[in-house]
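Peer 1: Below you'll find upload-v3.cif; it's mmCIF, C-alpha atoms.
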data_target
loop_
_atom_site.label_atom_id
_atom_site.label_comp_id
_atom_site.auth_asym_id
_atom_site.auth_seq_id
_atom_site.Cartn_x
_atom_site.Cartn_y
_atom_site.Cartn_z
CA MET A 1215 -50.87 -71.29 -33.44
CA TYR A 1216 -50.12 -70.19 -37.00
CA ALA A 1217 -49.38 -73.73 -38.23
CA PHE A 1218 -52.63 -75.00 -36.73
CA ARG A 1219 -54.56 -72.12 -38.27
CA SER A 1220 -53.10 -72.73 -41.73
CA LYS A 1221 -53.91 -76.43 -41.68
CA ARG A 1222 -57.45 -75.87 -40.46
CA LEU A 1223 -58.26 -73.05 -42.88
CA ARG A 1224 -56.71 -74.83 -45.87
CA MET A 1225 -59.20 -77.62 -45.27
CA MET A 1226 -62.04 -75.13 -44.97
CA ALA A 1227 -61.08 -73.49 -48.25
CA THR A 1228 -61.88 -76.68 -50.14
CA THR A 1229 -65.23 -77.42 -48.51
CA GLY A 1230 -68.63 -75.86 -47.93
CA ALA A 1231 -72.02 -75.84 -49.60
CA ALA A 1232 -72.41 -73.97 -52.89
CA LEU A 1233 -75.60 -72.02 -52.27
CA ALA A 1234 -76.17 -69.46 -55.02
CA GLY A 1235 -78.45 -66.53 -54.39
CA VAL A 1236 -78.60 -66.83 -50.60
CA ALA A 1237 -79.23 -63.46 -48.92
CA LEU A 1238 -76.89 -62.70 -46.04
CA LEU A 1239 -78.80 -62.82 -42.79
CA ALA A 1240 -78.15 -60.19 -40.16
CA GLY A 1241 -77.75 -62.60 -37.26
CA CYS A 1242 -74.63 -64.75 -37.24
CA SER A 1243 -75.57 -67.13 -34.41
CA SER A 1244 -77.05 -70.57 -35.00
CA ASP A 1245 -80.57 -71.50 -33.90
CA ALA A 1246 -79.52 -75.10 -33.28
CA ASP A 1247 -79.96 -76.44 -29.74
CA ASN A 1248 -76.46 -77.91 -29.86
CA GLY A 1249 -73.85 -75.33 -30.84
CA ASP A 1250 -71.49 -77.92 -32.39
CA THR A 1251 -72.35 -79.59 -35.70
CA GLU A 1252 -70.43 -81.90 -38.03
CA ASP A 1253 -69.27 -80.57 -41.41
CA GLU A 1254 -70.00 -83.56 -43.66
CA ALA A 1255 -67.64 -82.44 -46.42
CA GLY A 1256 -64.54 -81.98 -44.34
CA GLY A 1257 -65.20 -83.63 -40.97
CA GLU A 1258 -64.66 -80.30 -39.20
CA GLU A 1259 -66.84 -79.32 -36.28
CA THR A 1260 -68.68 -76.06 -36.74
CA THR A 1261 -69.78 -73.86 -33.86
CA GLU A 1262 -72.00 -70.97 -32.99
CA ALA A 1263 -70.55 -67.48 -33.30
CA ASP A 1264 -71.96 -64.84 -30.98
CA GLU A 1265 -73.29 -61.85 -32.86
CA GLY A 1266 -71.27 -59.35 -30.84
CA GLY A 1267 -68.07 -61.34 -30.56
CA SER A 1268 -66.38 -63.05 -27.58
CA GLY A 1269 -65.24 -65.99 -29.67
CA GLU A 1270 -61.70 -66.92 -30.70
CA THR A 1271 -59.91 -63.72 -31.73
CA VAL A 1272 -59.32 -63.55 -35.48
CA VAL A 1273 -57.19 -61.25 -37.62
CA ILE A 1274 -58.77 -60.08 -40.88
CA GLY A 1275 -56.93 -58.23 -43.62
CA PHE A 1276 -59.06 -55.88 -45.75
CA SER A 1277 -58.04 -54.34 -49.06
CA GLY A 1278 -60.18 -52.36 -51.48
CA PRO A 1279 -59.99 -49.63 -54.13
CA ALA A 1280 -59.43 -45.98 -53.34
CA ALA A 1281 -62.56 -44.34 -51.96
CA ASP A 1282 -62.83 -41.90 -54.85
CA HIS A 1283 -66.61 -41.67 -54.83
CA GLY A 1284 -69.44 -42.04 -52.35
CA TRP A 1285 -70.25 -45.73 -52.80
CA LEU A 1286 -66.65 -46.87 -52.30
CA GLY A 1287 -66.27 -44.59 -49.30
CA ALA A 1288 -69.35 -46.21 -47.79
CA ILE A 1289 -67.99 -49.67 -48.58
CA ASN A 1290 -64.83 -48.96 -46.59
CA SER A 1291 -66.50 -47.26 -43.63
CA ALA A 1292 -69.13 -50.01 -43.33
CA ALA A 1293 -66.42 -52.69 -43.28
CA ILE A 1294 -64.56 -50.92 -40.49
CA ALA A 1295 -67.76 -50.37 -38.52
CA GLN A 1296 -68.68 -54.04 -38.85
CA ALA A 1297 -65.31 -55.12 -37.47
CA ASP A 1298 -65.57 -52.59 -34.63
CA GLY A 1299 -68.81 -54.25 -33.59
CA TYR A 1300 -66.96 -57.46 -32.65
CA ASP A 1301 -64.70 -57.76 -29.64
CA ASP A 1302 -62.98 -60.78 -31.18
CA VAL A 1303 -61.88 -59.24 -34.52
CA GLU A 1304 -58.65 -57.41 -35.26
CA LEU A 1305 -59.02 -55.66 -38.63
CA ARG A 1306 -55.96 -54.64 -40.61
CA VAL A 1307 -56.91 -52.20 -43.37
CA ALA A 1308 -54.61 -51.65 -46.33
CA GLU A 1309 -54.57 -48.22 -47.96
CA GLY A 1310 -57.19 -48.00 -50.70
CA THR A 1311 -55.70 -48.11 -54.18
CA ASN A 1312 -56.69 -48.31 -57.83
CA ASP A 1313 -53.32 -49.83 -58.72
CA PRO A 1314 -53.65 -53.62 -59.13
CA ASN A 1315 -49.93 -54.15 -58.56
CA LEU A 1316 -50.05 -52.33 -55.24
CA GLN A 1317 -53.09 -54.32 -54.20
CA ILE A 1318 -51.31 -57.56 -55.10
CA SER A 1319 -48.48 -56.56 -52.77
CA GLN A 1320 -51.02 -55.82 -50.04
CA VAL A 1321 -52.42 -59.34 -50.35
CA GLU A 1322 -48.91 -60.79 -50.19
CA THR A 1323 -48.19 -58.72 -47.07
CA PHE A 1324 -51.33 -60.02 -45.37
CA VAL A 1325 -50.25 -63.60 -46.11
CA ASN A 1326 -46.76 -62.98 -44.78
CA GLU A 1327 -48.20 -61.43 -41.61
CA GLY A 1328 -50.25 -64.57 -41.01
CA VAL A 1329 -53.73 -63.05 -41.00
CA ASP A 1330 -56.57 -65.53 -40.61
CA VAL A 1331 -58.70 -64.36 -43.53
CA ILE A 1332 -58.42 -61.75 -46.30
CA VAL A 1333 -61.44 -59.73 -47.42
CA LEU A 1334 -60.68 -58.37 -50.87
CA LEU A 1335 -62.61 -55.98 -53.09
CA PRO A 1336 -60.26 -56.02 -56.09
CA THR A 1337 -59.58 -53.03 -58.27
CA ASP A 1338 -59.69 -55.55 -61.10
CA GLY A 1339 -60.93 -59.08 -60.46
CA ALA A 1340 -58.87 -60.71 -63.19
CA ALA A 1341 -55.68 -58.91 -62.20
CA LEU A 1342 -55.98 -59.99 -58.54
CA THR A 1343 -56.94 -63.60 -59.25
CA GLU A 1344 -53.45 -65.08 -59.09
CA ALA A 1345 -52.62 -63.29 -55.83
CA ALA A 1346 -55.85 -64.56 -54.31
CA ILE A 1347 -55.12 -68.13 -55.44
CA ASN A 1348 -51.67 -67.89 -53.88
CA ALA A 1349 -53.23 -66.75 -50.60
CA MET A 1350 -55.68 -69.65 -50.68
CA ASN A 1351 -52.86 -72.11 -51.38
CA ALA A 1352 -50.97 -70.65 -48.41
CA GLY A 1353 -53.91 -71.55 -46.16
CA VAL A 1354 -55.45 -68.08 -45.91
CA PRO A 1355 -59.08 -68.07 -47.08
CA VAL A 1356 -60.13 -65.15 -49.27
CA VAL A 1357 -63.55 -63.49 -49.25
CA ASN A 1358 -64.11 -61.92 -52.68
CA VAL A 1359 -66.32 -58.82 -52.58
CA ASP A 1360 -68.20 -57.20 -55.51
CA ARG A 1361 -65.74 -57.62 -58.41
CA GLU A 1362 -65.33 -61.29 -59.17
CA PHE A 1363 -62.08 -63.13 -59.68
CA SER A 1364 -61.63 -65.05 -62.92
CA SER A 1365 -61.23 -68.42 -61.15
CA ASN A 1366 -63.40 -70.21 -58.63
CA ASP A 1367 -60.21 -71.33 -56.89
CA ALA A 1368 -59.38 -67.76 -55.87
CA ALA A 1369 -61.95 -67.41 -53.09
CA ARG A 1370 -63.55 -69.46 -50.35
CA VAL A 1371 -66.56 -67.13 -50.32
CA THR A 1372 -67.76 -64.68 -52.96
CA ILE A 1373 -70.31 -62.01 -52.05
CA LEU A 1374 -71.73 -59.87 -54.81
CA GLY A 1375 -74.28 -57.26 -55.62
CA ASP A 1376 -76.63 -58.30 -58.41
CA ASN A 1377 -75.67 -56.17 -61.40
CA TYR A 1378 -77.89 -58.00 -63.86
CA GLY A 1379 -80.66 -57.90 -61.28
CA MET A 1380 -80.23 -54.11 -60.94
CA GLY A 1381 -80.98 -53.75 -64.61
CA VAL A 1382 -83.96 -56.05 -64.36
CA SER A 1383 -85.34 -54.15 -61.36
CA ALA A 1384 -84.97 -50.79 -63.13
CA GLY A 1385 -86.54 -52.15 -66.31
CA GLU A 1386 -89.47 -53.75 -64.51
CA TYR A 1387 -90.20 -50.53 -62.62
CA ILE A 1388 -90.18 -48.52 -65.85
CA CYS A 1389 -92.38 -51.12 -67.54
CA GLY A 1390 -94.91 -50.74 -64.76
CA GLU A 1391 -94.91 -46.94 -64.98
CA LEU A 1392 -95.17 -46.89 -68.80
CA GLU A 1393 -97.70 -49.66 -69.18
CA GLY A 1394 -99.45 -49.38 -72.53
CA GLN A 1395 -96.99 -46.84 -74.01
CA SER A 1396 -95.44 -49.06 -76.66
CA ASP A 1397 -93.70 -46.12 -78.35
CA ALA A 1398 -92.08 -44.77 -75.18
CA VAL A 1399 -88.61 -43.29 -75.51
CA ILE A 1400 -86.38 -44.73 -72.79
CA GLY A 1401 -82.89 -43.38 -72.19
CA GLU A 1402 -80.03 -45.08 -70.40
CA ILE A 1403 -77.05 -43.44 -68.69
CA ALA A 1404 -74.53 -46.18 -67.97
CA GLY A 1405 -71.35 -46.12 -65.93
CA ILE A 1406 -68.02 -47.26 -67.39
CA ASP A 1407 -68.73 -49.33 -70.49
CA SER A 1408 -65.49 -51.30 -70.26
CA LEU A 1409 -66.53 -52.88 -66.95
CA GLN A 1410 -68.38 -56.19 -66.88
CA LEU A 1411 -70.74 -54.82 -64.25
CA THR A 1412 -71.96 -52.21 -66.74
CA THR A 1413 -72.49 -54.89 -69.39
CA ASP A 1414 -74.50 -56.94 -66.89
CA ARG A 1415 -76.61 -53.98 -65.79
CA SER A 1416 -77.39 -52.96 -69.35
CA GLN A 1417 -78.25 -56.52 -70.36
CA GLY A 1418 -80.65 -56.91 -67.43
CA PHE A 1419 -82.26 -53.57 -68.29
CA SER A 1420 -82.68 -54.48 -71.95
CA ASP A 1421 -84.08 -57.92 -71.14
CA ALA A 1422 -86.64 -56.54 -68.68
CA LEU A 1423 -87.83 -53.90 -71.13
CA ALA A 1424 -88.13 -56.47 -73.89
CA ASP A 1425 -90.39 -58.56 -71.68
CA CYS A 1426 -92.96 -55.74 -71.70
CA GLY A 1427 -92.53 -54.78 -75.34
CA LEU A 1428 -90.22 -51.81 -74.77
CA SER A 1429 -86.59 -51.19 -75.71
CA VAL A 1430 -83.65 -48.96 -74.83
CA GLY A 1431 -83.50 -45.83 -76.94
CA PRO A 1432 -80.76 -43.19 -76.58
CA ARG A 1433 -77.85 -44.45 -74.49
CA VAL A 1434 -74.72 -42.76 -73.16
CA ALA A 1435 -71.99 -43.87 -70.77
CA ALA A 1436 -70.35 -41.77 -68.07
CA ASP A 1437 -67.61 -42.71 -65.60
CA PHE A 1438 -69.27 -42.81 -62.17
CA THR A 1439 -68.29 -39.17 -61.55
CA ILE A 1440 -70.45 -36.08 -61.13
CA ALA A 1441 -68.71 -34.26 -63.97
CA GLY A 1442 -69.00 -37.25 -66.29
CA GLY A 1443 -72.67 -37.70 -65.49
CA GLN A 1444 -73.42 -34.05 -66.15
CA GLU A 1445 -71.53 -33.98 -69.45
CA VAL A 1446 -73.09 -37.05 -71.07
CA THR A 1447 -76.58 -36.20 -69.82
CA ALA A 1448 -76.38 -32.77 -71.44
CA GLN A 1449 -75.51 -34.51 -74.69
CA LEU A 1450 -78.37 -37.01 -74.35
CA LEU A 1451 -80.93 -34.30 -73.64
CA SER A 1452 -79.73 -32.09 -76.45
CA ALA A 1453 -80.05 -34.91 -78.99
CA ASN A 1454 -83.48 -36.09 -77.78
CA PRO A 1455 -86.21 -33.46 -77.38
CA GLU A 1456 -88.75 -35.97 -76.03
CA ILE A 1457 -87.99 -38.68 -73.46
CA ASP A 1458 -90.39 -40.70 -71.32
CA ALA A 1459 -88.02 -42.36 -68.84
CA ILE A 1460 -84.30 -42.64 -68.02
CA TRP A 1461 -82.32 -45.16 -66.05
CA ASN A 1462 -79.09 -43.81 -64.59
CA HIS A 1463 -76.86 -46.66 -63.38
CA ASP A 1464 -75.16 -44.81 -60.53
CA ASP A 1465 -76.38 -42.32 -57.92
CA ASP A 1466 -72.92 -40.76 -57.50
CA GLN A 1467 -72.82 -39.69 -61.14
CA GLY A 1468 -76.54 -39.00 -60.71
CA ILE A 1469 -75.74 -35.69 -59.00
CA GLY A 1470 -74.31 -34.50 -62.30
CA VAL A 1471 -77.17 -36.11 -64.22
CA LEU A 1472 -79.75 -34.18 -62.20
CA ALA A 1473 -77.74 -30.97 -62.57
CA ALA A 1474 -77.81 -31.32 -66.37
CA ILE A 1475 -81.55 -32.00 -66.29
CA ASP A 1476 -82.15 -28.89 -64.18
CA GLU A 1477 -79.98 -26.77 -66.48
CA ALA A 1478 -81.93 -27.98 -69.50
CA GLY A 1479 -85.25 -27.28 -67.80
CA ARG A 1480 -86.54 -30.75 -68.65
CA ASP A 1481 -89.18 -32.52 -66.58
CA GLU A 1482 -91.35 -34.43 -69.06
CA PHE A 1483 -89.83 -37.76 -68.02
CA PHE A 1484 -89.15 -39.65 -64.82
CA MET A 1485 -85.81 -41.17 -63.82
CA VAL A 1486 -84.64 -44.24 -61.95
CA GLY A 1487 -81.25 -44.23 -60.23
CA GLY A 1488 -78.86 -46.93 -59.09
CA ALA A 1489 -76.86 -47.87 -55.95
CA GLY A 1490 -78.97 -46.20 -53.25
CA SER A 1491 -77.36 -42.97 -52.10
CA SER A 1492 -78.99 -40.98 -49.33
CA ASN A 1493 -79.02 -37.99 -51.70
CA ALA A 1494 -81.14 -39.96 -54.16
CA MET A 1495 -83.44 -41.22 -51.42
CA GLU A 1496 -84.03 -37.70 -50.11
CA ALA A 1497 -84.93 -36.55 -53.62
CA ILE A 1498 -87.32 -39.49 -54.02
CA LYS A 1499 -88.92 -38.78 -50.67
CA SER A 1500 -89.41 -35.09 -51.46
CA GLY A 1501 -91.50 -35.81 -54.54
CA ASP A 1502 -90.09 -32.66 -56.17
CA SER A 1503 -87.62 -34.35 -58.50
CA VAL A 1504 -87.76 -36.27 -61.77
CA LEU A 1505 -85.97 -38.98 -59.76
CA LYS A 1506 -88.78 -41.30 -58.67
CA ALA A 1507 -86.89 -44.46 -57.72
CA THR A 1508 -83.44 -45.98 -57.29
CA VAL A 1509 -82.21 -49.56 -57.29
CA ILE A 1510 -80.11 -50.73 -54.34
CA TYR A 1511 -76.57 -51.95 -54.97
CA PRO A 1512 -75.53 -52.62 -51.38
CA SER A 1513 -72.69 -50.54 -49.97
CA THR A 1514 -72.66 -53.06 -47.12
CA GLN A 1515 -71.03 -55.82 -49.18
CA ALA A 1516 -67.60 -55.50 -47.56
CA ALA A 1517 -69.23 -55.34 -44.11
CA ASP A 1518 -70.94 -58.62 -44.98
CA GLY A 1519 -67.53 -59.88 -46.09
CA ILE A 1520 -66.07 -59.06 -42.66
CA ALA A 1521 -68.90 -60.96 -40.95
CA LEU A 1522 -68.35 -63.97 -43.21
CA ALA A 1523 -64.58 -63.85 -42.72
CA ARG A 1524 -65.06 -63.99 -38.95
CA LEU A 1525 -67.31 -67.04 -39.30
CA LEU A 1526 -64.76 -68.78 -41.52
CA ALA A 1527 -61.89 -68.15 -39.12
CA GLN A 1528 -63.94 -69.38 -36.16
CA ASN A 1529 -65.23 -72.37 -38.16
CA ALA A 1530 -68.77 -71.24 -37.36
CA ASP A 1531 -72.12 -71.51 -39.13
CA LEU A 1532 -74.07 -68.82 -40.92
CA GLY A 1533 -77.00 -68.33 -38.57
CA ASP A 1534 -80.52 -69.50 -39.48
CA LEU A 1535 -79.34 -71.84 -42.26
CA ALA A 1536 -80.01 -75.53 -41.73
CA SER A 1537 -76.76 -76.53 -43.50
CA PRO A 1538 -73.49 -76.16 -41.58
CA GLY A 1539 -70.72 -73.80 -42.54
CA VAL A 1540 -70.70 -70.71 -44.76
CA PRO A 1541 -72.00 -70.65 -48.37
CA ARG A 1542 -69.44 -70.34 -51.14
CA ARG A 1543 -71.42 -67.73 -53.08
CA ILE A 1544 -73.90 -65.08 -51.98
CA VAL A 1545 -75.69 -62.71 -54.34
CA LEU A 1546 -77.46 -59.83 -52.65
CA ASP A 1547 -80.86 -58.47 -53.63
CA ALA A 1548 -81.46 -55.42 -55.86
CA PRO A 1549 -84.74 -53.93 -54.58
CA VAL A 1550 -86.35 -50.79 -55.98
CA VAL A 1551 -86.66 -47.83 -53.59
CA THR A 1552 -89.69 -45.59 -54.17
CA ALA A 1553 -91.53 -42.93 -52.20
CA GLU A 1554 -93.66 -45.70 -50.72
CA ASN A 1555 -90.80 -47.66 -49.14
CA VAL A 1556 -87.92 -45.19 -48.95
CA ASP A 1557 -87.99 -44.92 -45.16
CA GLN A 1558 -86.99 -48.55 -44.70
CA TYR A 1559 -83.84 -48.06 -46.80
CA MET A 1560 -82.67 -44.63 -45.60
CA GLU A 1561 -80.34 -46.08 -42.96
CA ILE A 1562 -78.24 -47.87 -45.59
CA GLY A 1563 -78.01 -44.87 -47.91
CA PHE A 1564 -74.59 -43.33 -48.49
CA GLU A 1565 -73.50 -39.75 -49.12
CA SER A 1566 -72.55 -39.05 -52.73
#
Here is the file; what I need is its structure written in the form of C-alpha cells.

Peer 2:
Amino acid sequence: MYAFRSKRLRMMATTGAALAGVALLAGCSSDADNGDTEDEAGGEETTEADEGGSGETVVIGFSGPAADHGWLGAINSAAIAQADGYDDVELRVAEGTNDPNLQISQVETFVNEGVDVIVLLPTDGAALTEAAINAMNAGVPVVNVDREFSSNDAARVTILGDNYGMGVSAGEYICGELEGQSDAVIGEIAGIDSLQLTTDRSQGFSDALADCGLSVGPRVAADFTIAGGQEVTAQLLSANPEIDAIWNHDDDQGIGVLAAIDEAGRDEFFMVGGAGSSNAMEAIKSGDSVLKATVIYPSTQAADGIALARLLAQNADLGDLASPGVPRRIVLDAPVVTAENVDQYMEIGFES
C-alpha cells in the first residue's frame, strides 16, 4: 500500500495545471457526468471526491506555528474541523511551534510515518523549504499554506491569502471615503516589519493610495500583539494631532490599537482593520467605533489546505473546474467588510 501510494503521489507532485488566482470553491465534487477523467500531463485518472467523504481513506499530517494569537488559533481549529467533516480523513496534528528546527523534525516524522499528504503552515517559509523538498522527493506531496517556501519545488499546492491585495483593498476603501481630500493625513499601523507579508501589505496600500492622489503619512509597526498595538498607536497619536484615516494591518493587535485611541479620546478619523476578527466585525456592525471596515485575510486557509490535500491523495478533481486535477497555486480574495455587508462574513470571523 505504501509503495503504491509513494509512486502514485510522486507522479502527481510533478503534474497539474498552474492556475494563479483561482478562488477555492466550497464544493469538492465534480459536475462532470462521468466521474473519471484523464490527466493529460501525467496519464493518471482523476475521480470525483464526495464532499462529506466516503472515498479512499487518507492520512494527512498538519503542522503550523503556535497559536499565540487569535488568527493562528482560528487557523488550527478550522483545519481540524475541516478534517472532522470527512469520514475518509485521518488527521495527525503536530504540536504548534515557532521553532523552525522543531517543525522540520515534525515534517520528517510525518514522512517516516508514511502519511499521504502534509499540510504545512511554516513558521518561516525559507527555513522549511528544504524539509518540504525532501518530503516531496520522498513521494509525499506538500500543501504550503500562507507563508511561502522559497522554491517552487517544495510544494505540490500553495494556498495563500493575498497580502498585497489586502493593502490594495484597504487603500481603495480609504480613497473612496476621502474622495477630494488631497491633503488627507493617512496613518498606517503595520505588523512585523521584518516579514515579507508586511512589506507586501504596505506596498499594496501605498500603491492604491497613489492611484487616487493620496499617500501614507505617519507609519508605525507593532508585532501582532495587543500590547504592541496599544504602545505604537499611543506614539502615533501623540505625534500627530490631526489624522483623517488609519489602516491597521491586524485585528488581533487592533484591540490594543482601539484601546489607545479610546485612552487618547480621539475620534476625528476613521479606521480600517485587517484579517477579519469577530471582534472587529461586531465593532463595525455597532456603528459606535472609529473602526468602519476590515479587510479579510482568511483564517480558513489551512482548512482549505486539508480539503486540497484530500483531493490530492484521492487523485480527485477540484469541483466545478473544467480542467482535471488540483491547481498548483491558489490566492484567496481580500474583500472589505463594512456595515453594509458584515453579516455575510460574521461566520468566518475569529475571536481575538

Peer 1: Carefully work through the PyMOL selection byres ((chain A and resi 1459) around 8) for this structure and note down the residues it includes, as a list in words.

Peer 2: Ile1388, Ala1398, Val1399, Ile1400, Gly1401, Ile1457, Asp1458, Ile1460, Trp1461, Phe1483, Phe1484, Met1485 and Val1486 of chain A

Peer 1: Can I get the selection written as a compact mmCIF listing (two decimals), in the coordinates of the input, with C-alpha atoms?

Peer 2:
# COMPACT_ATOMS: atom_id res chain seq x y z
CA ILE A 1388 -90.18 -48.52 -65.85
CA ALA A 1398 -92.08 -44.77 -75.18
CA VAL A 1399 -88.61 -43.29 -75.51
CA ILE A 1400 -86.38 -44.73 -72.79
CA GLY A 1401 -82.89 -43.38 -72.19
CA ILE A 1457 -87.99 -38.68 -73.46
CA ASP A 1458 -90.39 -40.70 -71.32
CA ILE A 1460 -84.30 -42.64 -68.02
CA TRP A 1461 -82.32 -45.16 -66.05
CA PHE A 1483 -89.83 -37.76 -68.02
CA PHE A 1484 -89.15 -39.65 -64.82
CA MET A 1485 -85.81 -41.17 -63.82
CA VAL A 1486 -84.64 -44.24 -61.95

Peer 1: Step by step, work through what the PyMOL selection byres ((chain A and resi 1439) around 8) selects in the shown file, and finish by giving those residues as a ChimeraX atom specification.

Peer 2: /A:1283,1436-1438,1440-1443,1466-1467,1470

Peer 1: What gap, in Å, lies between atom CA of A:Tyr1387 and atom CA of A:Asp1425?

Peer 2: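 Separating atom CA of A:Tyr1387 from atom CA of A:Asp1425 is a distance of 12.1 Å.
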
Peer 1: For the atom pair atom CA of A:Met1495 and atom CA of A:Arg1480, what is the interatomic distance in Å to one decimal place?

Peer 2: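 Between these atoms lies a distance of 20.4 Å.
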
Peer 1: With the PyMOL selection byres ((chain A and resi 1411) around 10) as the selection, what would be picked from this file? Answer as a list in words, please.

Peer 2: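 What the PyMOL selection byres ((chain A and resi 1411) around 10) grabs from the file is Asp1360, Arg1361, Glu1362, Gly1375, Asp1376, Asn1377, Tyr1378, Gly1405, Ile1406, Asp1407, Ser1408, Leu1409, Gln1410, Thr1412, Thr1413, Asp1414, Arg1415, Ser1416 and Gln1417 of chain A.
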
Peer 1: Convert the current residue selection to file output with C-alpha atoms, as a PDB file, in the coordinates of the input.

Peer 2:
ATOM      1  CA  ASP A1360     -68.200 -57.200 -55.510  1.00  0.00           C
ATOM      2  CA  ARG A1361     -65.740 -57.620 -58.410  1.00  0.00           C
ATOM      3  CA  GLU A1362     -65.330 -61.290 -59.170  1.00  0.00           C
ATOM      4  CA  GLY A1375     -74.280 -57.260 -55.620  1.00  0.00           C
ATOM      5  CA  ASP A1376     -76.630 -58.300 -58.410  1.00  0.00           C
ATOM      6  CA  ASN A1377     -75.670 -56.170 -61.400  1.00  0.00           C
ATOM      7  CA  TYR A1378     -77.890 -58.000 -63.860  1.00  0.00           C
ATOM      8  CA  GLY A1405     -71.350 -46.120 -65.930  1.00  0.00           C
ATOM      9  CA  ILE A1406     -68.020 -47.260 -67.390  1.00  0.00           C
ATOM     10  CA  ASP A1407     -68.730 -49.330 -70.490  1.00  0.00           C
ATOM     11  CA  SER A1408     -65.490 -51.300 -70.260  1.00  0.00           C
ATOM     12  CA  LEU A1409     -66.530 -52.880 -66.950  1.00  0.00           C
ATOM     13  CA  GLN A1410     -68.380 -56.190 -66.880  1.00  0.00           C
ATOM     14  CA  THR A1412     -71.960 -52.210 -66.740  1.00  0.00           C
ATOM     15  CA  THR A1413     -72.490 -54.890 -69.390  1.00  0.00           C
ATOM     16  CA  ASP A1414     -74.500 -56.940 -66.890  1.00  0.00           C
ATOM     17  CA  ARG A1415     -76.610 -53.980 -65.790  1.00  0.00           C
ATOM     18  CA  SER A1416     -77.390 -52.960 -69.350  1.00  0.00           C
ATOM     19  CA  GLN A1417     -78.250 -56.520 -70.360  1.00  0.00           C
TER      20      GLN A1417
END

Peer 1: I need the residue nearest A:Met1380 from this list: A:Ala1473, A:Val1509, A:Ala1292, A:Val1329. Use only C-alpha atoms for the distance.

Peer 2: A:Val1509

Peer 1: What's the separation between atom CA of A:Val1504 and atom CA of A:Asp1476, in Å to one decimal place?

Peer 2: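 Calculated distance between atom CA of A:Val1504 and atom CA of A:Asp1476 is 9.6 Å.
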
Peer 1: For A:Arg1370, which residue among A:Ala1517, A:Val1540, A:Ile1318, A:Val1382 is the nearest when counting only C-alpha atoms?

Peer 2: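 Checking each candidate against A:Arg1370, we get A:Val1540 as the closest.
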
Peer 1: Give me the residues near A:Ala1553 as a VMD selection string, where near means some atom within 8 Å (using only C-alpha atoms) and where sequence neighbours in that chain fewer than 2 positions away do not count.

Peer 2: chain A and resid 1498 to 1499 1501 1506 to 1507 1551 1555 to 1556

Peer 1: Go through A:Ile1510, A:Cys1389, A:Ile1562, A:Ala1516 one by one, measure the shortest atom-to-atom distance of each to A:Gly1427 using only C-alpha atoms, and give the residue with the smallest value.

Peer 2: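 Of all the options, A:Cys1389 lies closest to A:Gly1427.
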
Peer 1: Compare A:Thr1343, A:Thr1271, A:Phe1324, A:Gln1528 by their minimum atom-to-atom distance to A:Val1303, counting only C-alpha atoms, and give me the closest one.

Peer 2: A:Thr1271

Peer 1: Within 12 Å of A:Gly1287, counting all atoms listed in the file, which residues qualify if same-chain residues fewer than 6 places away don't, as a list in words?

Peer 2: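 Residues near the query, excluding close chain neighbours: Gly1278, Pro1279, Ala1280, Ala1281, Ala1293, Ile1294, Gly1310, Asp1466, Ser1491, Ser1513, Thr1514, Ala1516, Gly1563, Phe1564, Glu1565 and Ser1566 of chain A.
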